[in-house]
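Structure file entry-v5.csv with CSV, C-alpha atoms:
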```csv
chain,number,residue,atom,x,y,z
A,1,MET,CA,166.0,58.1,122.8
A,2,SER,CA,168.3,56.9,120.3
A,3,GLN,CA,172.0,56.4,120.3
A,4,ALA,CA,175.1,58.7,120.1
A,5,PRO,CA,175.9,60.1,116.7
A,6,VAL,CA,178.9,58.3,115.4
A,7,ARG,CA,180.8,59.4,112.4
A,8,ARG,CA,179.4,57.7,109.3
A,9,LEU,CA,181.9,55.5,107.8
A,10,ARG,CA,182.4,55.5,104.0
A,11,ARG,CA,179.9,53.5,102.0
A,12,PRO,CA,181.4,50.0,101.8
A,13,SER,CA,181.8,48.2,98.5
A,14,GLY,CA,180.6,44.9,100.0
A,15,GLY,CA,183.5,43.1,101.6
A,16,ARG,CA,183.0,41.3,104.8
A,17,ASP,CA,184.8,43.9,106.9
A,18,GLN,CA,183.0,46.8,105.3
A,19,LEU,CA,179.6,45.1,105.8
A,20,LEU,CA,180.5,44.6,109.5
A,21,GLU,CA,181.5,48.3,109.7
A,22,THR,CA,178.2,49.3,108.2
A,23,ALA,CA,176.2,47.1,110.5
A,24,VAL,CA,178.0,48.4,113.6
A,25,THR,CA,177.3,52.0,112.5
A,26,GLU,CA,173.6,51.1,112.1
A,27,PHE,CA,173.4,49.2,115.4
A,28,ILE,CA,174.9,52.2,117.2
A,29,ALA,CA,172.6,54.7,115.4
A,30,ARG,CA,169.3,52.8,115.7
A,31,GLY,CA,170.0,50.3,118.5
A,32,TYR,CA,170.5,46.6,117.8
A,33,ASP,CA,166.9,45.5,118.5
A,34,ALA,CA,165.5,48.1,116.2
A,35,THR,CA,167.8,47.3,113.2
A,36,SER,CA,166.6,44.7,110.7
A,37,MET,CA,168.6,42.9,108.0
A,38,GLU,CA,166.5,45.0,105.6
A,39,ASP,CA,167.9,48.1,107.2
A,40,LEU,CA,171.4,46.8,107.0
A,41,SER,CA,171.1,45.8,103.4
A,42,ARG,CA,169.8,49.2,102.5
A,43,ALA,CA,172.6,50.9,104.4
A,44,ALA,CA,175.2,48.7,102.7
A,45,GLY,CA,173.6,49.2,99.3
A,46,ILE,CA,173.4,45.5,98.5
A,47,THR,CA,170.6,42.9,98.5
A,48,LYS,CA,169.6,41.0,101.6
A,49,SER,CA,170.8,37.7,100.0
A,50,SER,CA,174.2,39.2,99.3
A,51,PHE,CA,174.4,40.2,102.9
A,52,TYR,CA,173.4,36.7,104.1
A,53,HIS,CA,176.2,35.4,101.9
A,54,HIS,CA,178.7,37.0,104.3
A,55,PHE,CA,176.8,36.7,107.6
A,56,ALA,CA,174.2,34.1,108.8
A,57,GLY,CA,172.1,36.9,110.3
A,58,LYS,CA,171.9,39.8,112.6
A,59,GLU,CA,173.2,38.0,115.7
A,60,ALA,CA,176.2,36.7,113.7
A,61,LEU,CA,177.0,40.3,112.8
A,62,LEU,CA,176.7,41.3,116.5
A,63,ARG,CA,179.0,38.4,117.4
A,64,ALA,CA,181.6,39.4,114.9
A,65,ALA,CA,181.5,43.0,115.9
A,66,LEU,CA,181.8,42.2,119.6
A,67,GLU,CA,184.5,39.7,119.0
A,68,ARG,CA,186.5,42.4,117.3
A,69,ALA,CA,186.2,44.6,120.4
A,70,VAL,CA,186.9,41.8,122.8
A,71,ASP,CA,189.9,40.6,120.8
A,72,GLY,CA,191.3,44.1,120.9
A,73,LEU,CA,190.9,44.4,124.6
A,74,PHE,CA,192.4,40.9,125.4
A,75,GLY,CA,195.1,41.6,122.9
A,76,VAL,CA,196.1,44.4,125.3
A,77,LEU,CA,196.5,42.0,128.2
A,78,SER,CA,198.6,39.5,126.2
A,79,ALA,CA,200.9,42.1,124.5
A,80,PRO,CA,204.5,42.0,125.6
A,81,ALA,CA,204.3,45.4,127.4
A,82,ALA,CA,201.6,43.9,129.6
A,83,GLN,CA,203.8,41.0,130.7
A,84,GLU,CA,207.0,42.9,131.4
A,85,GLY,CA,208.1,45.0,134.4
A,86,SER,CA,206.6,45.7,137.7
A,87,PRO,CA,202.8,45.4,138.2
A,88,SER,CA,202.4,49.1,138.1
A,89,GLN,CA,204.5,49.4,134.9
A,90,ARG,CA,202.3,46.6,133.3
A,91,LEU,CA,199.1,48.5,134.5
A,92,ARG,CA,200.3,51.7,132.9
A,93,ALA,CA,201.1,49.8,129.6
A,94,ILE,CA,197.6,48.2,129.7
A,95,VAL,CA,195.7,51.5,130.3
A,96,ALA,CA,197.6,53.2,127.5
A,97,ALA,CA,197.0,50.3,125.1
A,98,GLN,CA,193.3,50.1,126.1
A,99,VAL,CA,192.9,53.8,125.2
A,100,ARG,CA,194.6,53.1,121.8
A,101,VAL,CA,192.3,50.2,121.1
A,102,LEU,CA,189.3,52.3,122.0
A,103,MET,CA,190.6,55.0,119.6
A,104,THR,CA,191.3,52.7,116.7
A,105,GLU,CA,188.3,50.4,117.2
A,106,LEU,CA,185.9,53.1,118.3
A,107,PRO,CA,182.6,51.8,116.9
A,108,TYR,CA,183.2,48.2,118.0
A,109,VAL,CA,184.2,49.2,121.5
A,110,THR,CA,181.2,51.6,121.6
A,111,LEU,CA,178.9,48.7,120.7
A,112,LEU,CA,180.5,46.5,123.3
A,113,LEU,CA,180.0,49.1,126.0
A,114,ARG,CA,176.3,49.3,125.2
A,115,VAL,CA,175.7,45.5,125.5
A,116,ARG,CA,173.1,44.7,128.2
A,117,GLY,CA,172.8,40.9,128.0
A,118,ASN,CA,169.6,40.3,126.1
A,119,THR,CA,171.0,37.6,123.9
A,120,GLU,CA,173.5,34.8,124.3
A,121,THR,CA,176.0,36.8,122.3
A,122,GLU,CA,175.5,39.8,124.5
A,123,ARG,CA,175.9,37.7,127.7
A,124,TRP,CA,179.1,36.3,126.3
A,125,ALA,CA,180.4,39.8,125.7
A,126,LEU,CA,179.4,40.9,129.2
A,127,GLU,CA,181.2,37.9,130.6
A,128,ARG,CA,184.4,38.8,128.6
A,129,ARG,CA,184.2,42.4,129.9
A,130,ARG,CA,183.9,41.1,133.5
A,131,ALA,CA,186.9,38.9,132.9
A,132,PHE,CA,188.9,41.8,131.6
A,133,ASP,CA,187.9,43.9,134.6
A,134,ALA,CA,188.9,41.1,136.9
A,135,SER,CA,192.4,41.0,135.4
A,136,ILE,CA,192.7,44.7,136.0
A,137,SER,CA,191.5,44.4,139.5
A,138,ALA,CA,194.0,41.5,140.2
A,139,LEU,CA,196.8,43.6,138.7
A,140,VAL,CA,195.9,46.6,140.9
A,141,ARG,CA,196.0,44.3,143.9
A,142,GLU,CA,199.4,43.0,142.8
A,143,ALA,CA,200.7,46.6,142.4
A,144,ARG,CA,199.3,47.5,145.9
A,145,ASP,CA,200.9,44.4,147.5
A,146,ALA,CA,204.2,45.4,145.9
A,147,GLY,CA,204.0,48.8,147.5
A,148,GLU,CA,203.6,50.6,144.2
A,149,VAL,CA,200.0,51.7,144.8
A,150,ARG,CA,198.8,53.3,148.0
A,151,ALA,CA,197.8,50.8,150.6
A,152,ASP,CA,194.3,52.2,151.1
A,153,VAL,CA,193.3,51.7,147.4
A,154,ASP,CA,190.5,49.1,147.0
A,155,PRO,CA,191.4,47.1,143.9
A,156,ALA,CA,187.8,46.3,142.9
A,157,LEU,CA,186.7,50.0,143.1
A,158,ALA,CA,189.9,51.1,141.4
A,159,ALA,CA,189.3,48.7,138.5
A,160,ARG,CA,185.7,50.1,138.1
A,161,LEU,CA,186.9,53.7,138.2
A,162,LEU,CA,189.7,52.9,135.7
A,163,SER,CA,187.3,51.2,133.4
A,164,GLY,CA,184.9,54.2,133.8
A,165,LEU,CA,187.6,56.7,133.0
A,166,VAL,CA,188.9,54.9,130.0
A,167,ASN,CA,185.6,53.9,128.5
A,168,SER,CA,184.1,57.4,129.0
A,169,ILE,CA,186.2,58.5,126.1
A,170,VAL,CA,183.9,56.9,123.6
A,171,GLU,CA,181.4,59.6,124.5
A,172,TRP,CA,183.4,62.4,122.9
A,173,TYR,CA,186.5,61.1,121.1
A,174,ARG,CA,186.2,61.1,117.4
A,175,PRO,CA,189.0,60.0,115.0
A,176,GLY,CA,191.1,63.0,113.9
A,177,ARG,CA,190.0,65.2,116.7
A,178,PRO,CA,192.8,67.7,117.3
A,179,GLY,CA,194.9,67.3,120.4
A,180,THR,CA,194.0,63.7,121.0
A,181,ALA,CA,197.3,62.1,119.9
A,182,SER,CA,198.5,62.2,123.5
A,183,LEU,CA,195.3,60.8,124.9
A,184,PRO,CA,196.7,57.4,125.9
A,185,ASP,CA,199.4,59.1,127.9
A,186,ASP,CA,197.0,61.7,129.3
A,187,VAL,CA,194.7,59.0,130.6
A,188,VAL,CA,197.6,57.1,132.2
A,189,ARG,CA,198.7,60.2,133.9
A,190,ALA,CA,195.1,61.0,135.1
A,191,ALA,CA,194.8,57.4,136.4
A,192,PHE,CA,198.1,57.4,138.3
A,193,THR,CA,198.5,61.0,139.5
A,194,GLY,CA,195.0,62.5,139.2
A,195,ILE,CA,192.8,64.2,136.7
A,196,VAL,CA,193.4,67.5,138.5
A,197,PRO,CA,196.7,66.9,140.5
A,198,ALA,CA,198.2,69.4,142.7
A,199,PRO,CA,201.7,70.6,141.7
A,200,PRO,CA,204.6,68.7,143.4
A,201,ASP,CA,205.4,71.7,145.6
A,202,HIS,CA,201.9,72.6,146.5
A,203,GLN,CA,201.4,73.2,150.2
A,204,GLY,CA,197.6,73.4,150.2
A,205,GLU,CA,195.0,71.1,151.5
A,206,PRO,CA,195.8,67.4,151.9
A,207,ALA,CA,195.7,65.1,149.0
B,1,MET,CA,170.2,46.0,122.3
B,2,SER,CA,168.2,47.4,125.2
B,3,GLN,CA,169.2,49.4,128.2
B,4,ALA,CA,170.8,48.7,131.5
B,5,PRO,CA,168.8,46.9,134.1
B,6,VAL,CA,167.8,49.5,136.7
B,7,ARG,CA,166.3,48.4,140.0
B,8,ARG,CA,162.5,48.4,139.7
B,9,LEU,CA,161.0,51.0,141.9
B,10,ARG,CA,157.9,50.1,143.9
B,11,ARG,CA,154.6,50.2,142.1
B,12,PRO,CA,153.4,53.8,142.4
B,13,SER,CA,150.0,54.6,143.8
B,14,GLY,CA,149.5,57.3,141.2
B,15,GLY,CA,150.9,60.5,142.5
B,16,ARG,CA,152.8,62.7,140.0
B,17,ASP,CA,156.2,61.9,141.4
B,18,GLN,CA,155.6,58.2,141.4
B,19,LEU,CA,154.2,58.3,137.8
B,20,LEU,CA,157.4,60.1,136.8
B,21,GLU,CA,159.5,57.5,138.6
B,22,THR,CA,157.6,54.7,136.7
B,23,ALA,CA,158.1,56.5,133.4
B,24,VAL,CA,161.8,57.0,133.9
B,25,THR,CA,162.2,53.3,134.8
B,26,GLU,CA,160.4,52.3,131.6
B,27,PHE,CA,162.3,54.8,129.5
B,28,ILE,CA,165.6,53.3,130.7
B,29,ALA,CA,164.5,49.7,130.3
B,30,ARG,CA,162.9,50.1,126.8
B,31,GLY,CA,164.4,53.3,125.4
B,32,TYR,CA,162.4,56.5,125.2
B,33,ASP,CA,161.4,56.1,121.5
B,34,ALA,CA,160.2,52.6,122.0
B,35,THR,CA,158.0,53.5,125.0
B,36,SER,CA,154.3,54.5,124.4
B,37,MET,CA,151.9,56.2,126.8
B,38,GLU,CA,150.1,52.8,126.7
B,39,ASP,CA,153.2,51.1,128.0
B,40,LEU,CA,153.5,53.7,130.8
B,41,SER,CA,149.9,53.5,131.8
B,42,ARG,CA,150.2,49.7,132.0
B,43,ALA,CA,153.4,50.0,134.1
B,44,ALA,CA,151.8,52.4,136.4
B,45,GLY,CA,148.6,50.4,136.7
B,46,ILE,CA,146.3,53.3,135.8
B,47,THR,CA,144.3,54.4,132.7
B,48,LYS,CA,145.9,56.4,130.0
B,49,SER,CA,143.5,59.3,130.8
B,50,SER,CA,144.6,59.3,134.4
B,51,PHE,CA,148.1,59.5,133.2
B,52,TYR,CA,147.3,62.4,131.0
B,53,HIS,CA,145.7,64.1,133.9
B,54,HIS,CA,149.2,64.5,135.4
B,55,PHE,CA,151.4,64.9,132.3
B,56,ALA,CA,150.5,66.3,128.8
B,57,GLY,CA,152.3,63.4,127.1
B,58,LYS,CA,155.5,61.5,126.7
B,59,GLU,CA,157.7,64.5,126.0
B,60,ALA,CA,156.4,66.3,129.1
B,61,LEU,CA,157.4,63.3,131.2
B,62,LEU,CA,160.9,63.3,129.6
B,63,ARG,CA,161.1,67.0,130.3
B,64,ALA,CA,160.1,66.6,133.9
B,65,ALA,CA,162.6,63.8,134.4
B,66,LEU,CA,165.5,65.6,132.8
B,67,GLU,CA,164.7,68.8,134.7
B,68,ARG,CA,165.0,66.8,137.9
B,69,ALA,CA,168.5,65.6,136.9
B,70,VAL,CA,169.6,69.0,135.6
B,71,ASP,CA,168.2,70.8,138.7
B,72,GLY,CA,170.2,68.4,140.8
B,73,LEU,CA,173.4,69.0,139.0
B,74,PHE,CA,173.0,72.8,138.9
B,75,GLY,CA,172.0,72.7,142.6
B,76,VAL,CA,175.5,71.4,143.1
B,77,LEU,CA,177.1,74.4,141.5
B,78,SER,CA,175.0,76.9,143.5
B,79,ALA,CA,175.4,75.2,146.9
B,80,PRO,CA,177.4,77.2,149.5
B,81,ALA,CA,180.3,74.6,149.4
B,82,ALA,CA,180.7,75.3,145.7
B,83,GLN,CA,181.0,79.1,146.4
B,84,GLU,CA,183.4,79.1,149.3
B,85,GLY,CA,187.2,78.5,149.6
B,86,SER,CA,189.9,78.2,146.9
B,87,PRO,CA,189.0,77.0,143.4
B,88,SER,CA,190.4,73.6,144.2
B,89,GLN,CA,188.3,73.3,147.4
B,90,ARG,CA,185.2,74.3,145.5
B,91,LEU,CA,186.0,71.8,142.8
B,92,ARG,CA,186.4,69.0,145.4
B,93,ALA,CA,183.1,70.0,147.0
B,94,ILE,CA,181.4,70.0,143.6
B,95,VAL,CA,182.7,66.6,142.6
B,96,ALA,CA,181.6,65.1,145.9
B,97,ALA,CA,178.2,66.6,145.6
B,98,GLN,CA,177.8,65.5,142.0
B,99,VAL,CA,178.5,61.9,143.0
B,100,ARG,CA,175.9,62.3,145.8
B,101,VAL,CA,173.3,63.6,143.3
B,102,LEU,CA,174.1,60.8,141.0
B,103,MET,CA,173.5,58.3,143.9
B,104,THR,CA,170.2,59.8,145.1
B,105,GLU,CA,168.8,60.7,141.7
B,106,LEU,CA,170.2,57.6,139.9
B,107,PRO,CA,167.4,56.9,137.3
B,108,TYR,CA,167.0,60.6,136.4
B,109,VAL,CA,170.8,61.1,135.9
B,110,THR,CA,171.0,57.8,134.0
B,111,LEU,CA,168.3,59.1,131.7
B,112,LEU,CA,170.1,62.4,131.3
B,113,LEU,CA,173.3,60.7,130.3
B,114,ARG,CA,171.6,58.7,127.6
B,115,VAL,CA,170.1,61.8,125.9
B,116,ARG,CA,171.3,62.2,122.3
B,117,GLY,CA,169.4,65.3,121.1
B,118,ASN,CA,166.6,63.9,119.0
B,119,THR,CA,163.9,66.2,120.4
B,120,GLU,CA,163.8,69.8,121.6
B,121,THR,CA,163.7,68.6,125.2
B,122,GLU,CA,166.8,66.4,124.6
B,123,ARG,CA,168.6,69.2,122.9
B,124,TRP,CA,167.8,71.5,125.9
B,125,ALA,CA,169.2,68.8,128.3
B,126,LEU,CA,172.4,68.4,126.2
B,127,GLU,CA,172.8,72.2,126.3
B,128,ARG,CA,172.5,72.1,130.1
B,129,ARG,CA,175.1,69.3,130.3
B,130,ARG,CA,177.4,71.3,128.2
B,131,ALA,CA,176.9,74.4,130.4
B,132,PHE,CA,177.7,72.3,133.5
B,133,ASP,CA,180.8,70.9,131.9
B,134,ALA,CA,181.9,74.5,130.9
B,135,SER,CA,181.6,75.6,134.5
B,136,ILE,CA,183.8,72.7,135.6
B,137,SER,CA,186.3,73.5,132.9
B,138,ALA,CA,186.4,77.1,134.0
B,139,LEU,CA,186.9,76.1,137.6
B,140,VAL,CA,189.8,73.8,136.7
B,141,ARG,CA,191.4,76.7,134.8
B,142,GLU,CA,191.0,78.9,137.8
B,143,ALA,CA,192.5,76.3,140.1
B,144,ARG,CA,195.4,75.8,137.7
B,145,ASP,CA,196.0,79.6,137.4
B,146,ALA,CA,196.0,79.8,141.2
B,147,GLY,CA,198.8,77.2,141.3
B,148,GLU,CA,196.6,74.5,142.9
B,149,VAL,CA,196.5,72.2,139.9
B,150,ARG,CA,199.6,71.2,137.9
B,151,ALA,CA,200.3,73.7,135.2
B,152,ASP,CA,200.3,71.1,132.4
B,153,VAL,CA,196.7,70.1,133.0
B,154,ASP,CA,194.4,71.0,130.1
B,155,PRO,CA,191.2,72.3,131.7
B,156,ALA,CA,188.9,71.1,128.9
B,157,LEU,CA,190.3,67.6,128.8
B,158,ALA,CA,190.3,67.5,132.7
B,159,ALA,CA,186.6,68.5,132.7
B,160,ARG,CA,185.8,65.7,130.2
B,161,LEU,CA,187.7,63.1,132.2
B,162,LEU,CA,186.2,64.3,135.5
B,163,SER,CA,182.7,64.0,134.0
B,164,GLY,CA,183.6,60.6,132.5
B,165,LEU,CA,184.9,59.4,135.9
B,166,VAL,CA,181.9,60.6,137.9
B,167,ASN,CA,179.2,59.6,135.4
B,168,SER,CA,180.6,56.1,134.8
B,169,ILE,CA,179.3,55.3,138.3
B,170,VAL,CA,175.7,54.9,136.9
B,171,GLU,CA,176.9,51.8,135.1
B,172,TRP,CA,177.4,49.8,138.3
B,173,TYR,CA,176.2,51.8,141.4
B,174,ARG,CA,172.9,50.6,142.8
B,175,PRO,CA,171.3,52.0,146.0
B,176,GLY,CA,172.2,50.1,149.1
B,177,ARG,CA,175.3,48.5,147.4
B,178,PRO,CA,177.7,47.7,150.3
B,179,GLY,CA,180.8,49.8,150.6
B,180,THR,CA,179.5,52.7,148.6
B,181,ALA,CA,178.9,55.2,151.5
B,182,SER,CA,182.4,56.6,151.0
B,183,LEU,CA,181.9,56.8,147.2
B,184,PRO,CA,181.8,60.6,147.0
B,185,ASP,CA,185.1,60.9,148.9
B,186,ASP,CA,186.6,58.0,147.0
B,187,VAL,CA,185.9,59.7,143.7
B,188,VAL,CA,187.3,63.0,144.9
B,189,ARG,CA,190.5,61.3,146.0
B,190,ALA,CA,190.7,59.5,142.6
B,191,ALA,CA,190.2,62.7,140.7
B,192,PHE,CA,192.8,64.7,142.7
B,193,THR,CA,195.5,62.1,143.5
B,194,GLY,CA,194.8,59.3,141.1
B,195,ILE,CA,192.7,56.1,140.9
B,196,VAL,CA,195.9,54.0,141.5
B,197,PRO,CA,198.2,56.5,143.2
B,198,ALA,CA,201.8,55.6,144.3
B,199,PRO,CA,202.4,55.8,148.0
B,200,PRO,CA,203.9,59.2,149.1
B,201,ASP,CA,207.3,57.6,149.7
B,202,HIS,CA,207.4,55.5,146.6
B,203,GLN,CA,210.7,55.8,144.7
B,204,GLY,CA,209.6,54.0,141.6
B,205,GLU,CA,208.9,55.3,138.1
B,206,PRO,CA,208.0,58.9,137.5
B,207,ALA,CA,204.5,60.1,138.1
```

Let me see the file written as structure tokens.
Amino acid sequence: MSQAPVRRLRRPSGGRDQLLETAVTEFIARGYDATSMEDLSRAAGITKSSFYHHFAGKEALLRAALERAVDGLFGVLSAPAAQEGSPSQRLRAIVAAQVRVLMTELPYVTLLLRVRGNTETERWALERRRAFDASISALVREARDAGEVRADVDPALAARLLSGLVNSIVEWYRPGRPGTASLPDDVVRAAFTGIVPAPPDHQGEPA
Amino acid sequence: MSQAPVRRLRRPSGGRDQLLETAVTEFIARGYDATSMEDLSRAAGITKSSFYHHFAGKEALLRAALERAVDGLFGVLSAPAAQEGSPSQRLRAIVAAQVRVLMTELPYVTLLLRVRGNTETERWALERRRAFDASISALVREARDAGEVRADVDPALAARLLSGLVNSIVEWYRPGRPGTASLPDDVVRAAFTGIVPAPPDHQGEPA
């Protein structure tokens, strides 16, 4: 079966960034393996040799696209908000910023999340994803050790579930979708207090 | 790029269920579109005509596989635990049971989650997924109206995030993975109190 429909981006006029955007859209729609440079040139409305003027080939396009997503994610970790405050404050800032990267770099992150490790570039991207998750896991452990996160939380599982929660947004979020401006905060709240939290005064079953 | 590695199941001896398992494994590894009846016969170690004796064709296999996943999910909604108790108790029971279905029917649910609606069978499966999510959304609304879930929770968003949290498990869960016996309970706790909840006595930043 083929890949998720992703909003078609406007037809590029041929700049490097726009060619990359076209390529990513095609990779997502057809799958990377099934997409040829022929397909990409046709989608971009330019000749194959013009395309090769900007990118050495298909894997170079994949690399550039995945670098954009990876740089976005690691930018989150090195941003000032991720360096300041308590571990739990940093974690909140990171989750919110990760959701914002996902929203602004949607096709690139979508592509990154579909990588399975068939080529050297894909294995590199997987390794970067693992490094990102390891940073989150370490930060959860730090927050737990500081008494800011419940003592029975397993940092590795928490990092997996956090990543699952945040990344699942690519399945349904589309730019301009109404009611999604608060999504970064909504996801932070869901991660820290629950997706379906009981009210503070609720005397029902145990949490 | 191709699909996630999924544990190879044992070579089937040719029964209908085992042929289905083989087909699902191939669909996940190669993608449905890229898999031929030839590929499936080779993977099953039987002739194409023996395969056709059990299934009318590739779409019949896809249908049978997706029905198995969909039946598992809807079985969760109709189980006694999903009918008894308060809305929030029912929701907990459903989330736990959904995780269990995902763990026991991993390849079938993985296939269901990759469906994008290219064929009639895929559109049917998508419609069933939407119906499942609508039931969850309705139950979240009921729980909120009963005062069991915080009043500012948006049921539609909560249903999406719940579904994202639960389904993300297919990305890393593999049968027999150590420490996953408690996964259904862990996911329920994450959904209701947070993936990284503050301790009850924590006087830090606001929830």

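In this model, the gap between atom CA of A:Leu20 and atom CA of A:Val170 comes to 19.0 Å.
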
Counting all atoms listed in the file, what are the residues of chain B within 6 Å of chain A, and for each of them which pair of atoms is the nearest and at what distance in Å, to one decimal? Sort the table by chain and rising number, as a Markdown table.
```
| residue | atom | partner | partner_atom | distance |
| --- | --- | --- | --- | --- |
| B:Met1 | CA | A:Tyr32 | CA | 4.5 |
| B:Ala4 | CA | A:Arg116 | CA | 5.7 |
| B:Gly31 | CA | A:Met1 | CA | 5.7 |
| B:Tyr32 | CA | A:Met1 | CA | 4.6 |
| B:Asp33 | CA | A:Met1 | CA | 5.2 |
| B:Arg116 | CA | A:Ala4 | CA | 5.6 |
| B:Glu148 | CA | A:Ala198 | CA | 5.3 |
| B:Val149 | CA | A:Ala198 | CA | 4.3 |
| B:Arg150 | CA | A:Pro199 | CA | 4.4 |
| B:Ala158 | CA | A:Ile195 | CA | 5.8 |
| B:Gly164 | CA | A:Ser168 | CA | 4.8 |
| B:Leu165 | CA | A:Leu165 | CA | 4.8 |
| B:Ser168 | CA | A:Gly164 | CA | 4.8 |
| B:Ala191 | CA | A:Ile195 | CA | 5.0 |
| B:Phe192 | CA | A:Gly194 | CA | 4.7 |
| B:Thr193 | CA | A:Gly194 | CA | 4.3 |
| B:Gly194 | CA | A:Gly194 | CA | 3.7 |
| B:Ile195 | CA | A:Ala191 | CA | 5.1 |
| B:Val196 | CA | A:Phe192 | CA | 5.2 |
| B:Pro197 | CA | A:Phe192 | CA | 5.0 |
| B:Ala198 | CA | A:Val149 | CA | 4.3 |
| B:Pro199 | CA | A:Arg150 | CA | 4.4 |
```

Applying 7 Å and all atoms listed in the file, which residues near A:Ala81 remain after dropping the ones on its own chain fewer than 2 positions away? List them as a ChimeraX atom specification.
/A:79,83-84,90,93

Grab the atom CA of A:Ala82 to atom CA of A:Ile94 distance for me, in Å with one decimal place.
5.9 Å

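Our summary of the geometry notes that atom CA of B:Glu120 is positioned 16.5 Å from atom CA of B:Ala69.
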
Expected residue set, 9 Å radius at (153.2, 57.6, 122.5), all atoms listed in the file, as a PyMOL selection string
chain B and resi 33-39+57-59

Leaving out A:Ala65 and any residue of its chain fewer than 4 positions from it, which residues lie within 9 Å of it when counting all atoms listed in the file, given as a PyMOL selection string?
chain A and resi 20-21+23-24+60-61+69-70+107-109+111-112

With a distance cut-off of 9 Å and all atoms listed in the file, select the neighbouring residues of B:Val101, excluding the residue or stretch itself and same-chain residues fewer than 3 positions from it, and output the selection as JSON, numbers by chain.
{"B": [69, 72, 73, 76, 96, 97, 98, 104, 105, 106, 109]}

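Ranking A:Ser182, A:Ala138, A:Arg128, A:Ala156 by their shortest atom-to-atom distance to A:Phe74, with all atoms listed in the file included, puts A:Arg128 first.
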
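Proximity of B:Ala125, B:Ala181, B:Ala29, B:Leu40 to B:Met103, computed with only C-alpha atoms, is greatest for B:Ala181.
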
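Shell of A:Ile46 at 12 Å, with all atoms listed in the file counted and residues fewer than 2 places along the chain excluded, is Arg11, Pro12, Ser13, Gly14, Gly15, Gln18, Leu19, Thr22, Met37, Glu38, Asp39, Leu40, Ser41, Arg42, Ala43, Ala44, Lys48, Ser49, Ser50, Phe51, Tyr52, His53 and His54 of chain A.
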
Could you turn the residues from that selection into a file that holds C-alpha atoms, as a CSV table (one decimal), in the frame of the given file?
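See selection-v5.csv below for the written result:
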```csv
chain,number,residue,atom,x,y,z
A,11,ARG,CA,179.9,53.5,102.0
A,12,PRO,CA,181.4,50.0,101.8
A,13,SER,CA,181.8,48.2,98.5
A,14,GLY,CA,180.6,44.9,100.0
A,15,GLY,CA,183.5,43.1,101.6
A,18,GLN,CA,183.0,46.8,105.3
A,19,LEU,CA,179.6,45.1,105.8
A,22,THR,CA,178.2,49.3,108.2
A,37,MET,CA,168.6,42.9,108.0
A,38,GLU,CA,166.5,45.0,105.6
A,39,ASP,CA,167.9,48.1,107.2
A,40,LEU,CA,171.4,46.8,107.0
A,41,SER,CA,171.1,45.8,103.4
A,42,ARG,CA,169.8,49.2,102.5
A,43,ALA,CA,172.6,50.9,104.4
A,44,ALA,CA,175.2,48.7,102.7
A,48,LYS,CA,169.6,41.0,101.6
A,49,SER,CA,170.8,37.7,100.0
A,50,SER,CA,174.2,39.2,99.3
A,51,PHE,CA,174.4,40.2,102.9
A,52,TYR,CA,173.4,36.7,104.1
A,53,HIS,CA,176.2,35.4,101.9
A,54,HIS,CA,178.7,37.0,104.3
```

Using the structure just given, write a file holding C-alpha atoms for stretch 40-67 of chain B, as an mmCIF file, in the first residue's frame.
```cif
data_model
loop_
_atom_site.group_PDB
_atom_site.id
_atom_site.type_symbol
_atom_site.label_atom_id
_atom_site.label_comp_id
_atom_site.auth_asym_id
_atom_site.auth_seq_id
_atom_site.Cartn_x
_atom_site.Cartn_y
_atom_site.Cartn_z
ATOM 1 C CA LEU B 40 3.863 -14.790 -1.698
ATOM 2 C CA SER B 41 3.947 -18.331 -3.120
ATOM 3 C CA ARG B 42 7.723 -18.320 -2.984
ATOM 4 C CA ALA B 43 7.708 -17.057 0.621
ATOM 5 C CA ALA B 44 5.173 -19.729 1.590
ATOM 6 C CA GLY B 45 7.050 -22.446 -0.258
ATOM 7 C CA ILE B 46 3.976 -23.575 -2.203
ATOM 8 C CA THR B 47 2.750 -23.199 -5.783
ATOM 9 C CA LYS B 48 0.694 -20.236 -6.851
ATOM 10 C CA SER B 49 -2.274 -22.479 -7.564
ATOM 11 C CA SER B 50 -2.119 -23.929 -4.045
ATOM 12 C CA PHE B 51 -2.162 -20.366 -2.759
ATOM 13 C CA TYR B 52 -5.180 -19.525 -4.903
ATOM 14 C CA HIS B 53 -6.910 -22.567 -3.458
ATOM 15 C CA HIS B 54 -7.036 -20.689 -0.120
ATOM 16 C CA PHE B 55 -7.345 -17.058 -1.223
ATOM 17 C CA ALA B 56 -8.891 -15.594 -4.375
ATOM 18 C CA GLY B 57 -5.972 -13.191 -4.736
ATOM 19 C CA LYS B 58 -3.861 -10.501 -3.190
ATOM 20 C CA GLU B 59 -6.737 -8.217 -2.205
ATOM 21 C CA ALA B 60 -8.549 -11.148 -0.551
ATOM 22 C CA LEU B 61 -5.422 -11.688 1.550
ATOM 23 C CA LEU B 62 -5.272 -8.019 2.457
ATOM 24 C CA ARG B 63 -8.960 -8.103 3.358
ATOM 25 C CA ALA B 64 -8.551 -11.178 5.584
ATOM 26 C CA ALA B 65 -5.524 -9.654 7.309
ATOM 27 C CA LEU B 66 -7.190 -6.296 7.920
ATOM 28 C CA GLU B 67 -10.390 -8.005 9.108
#
```
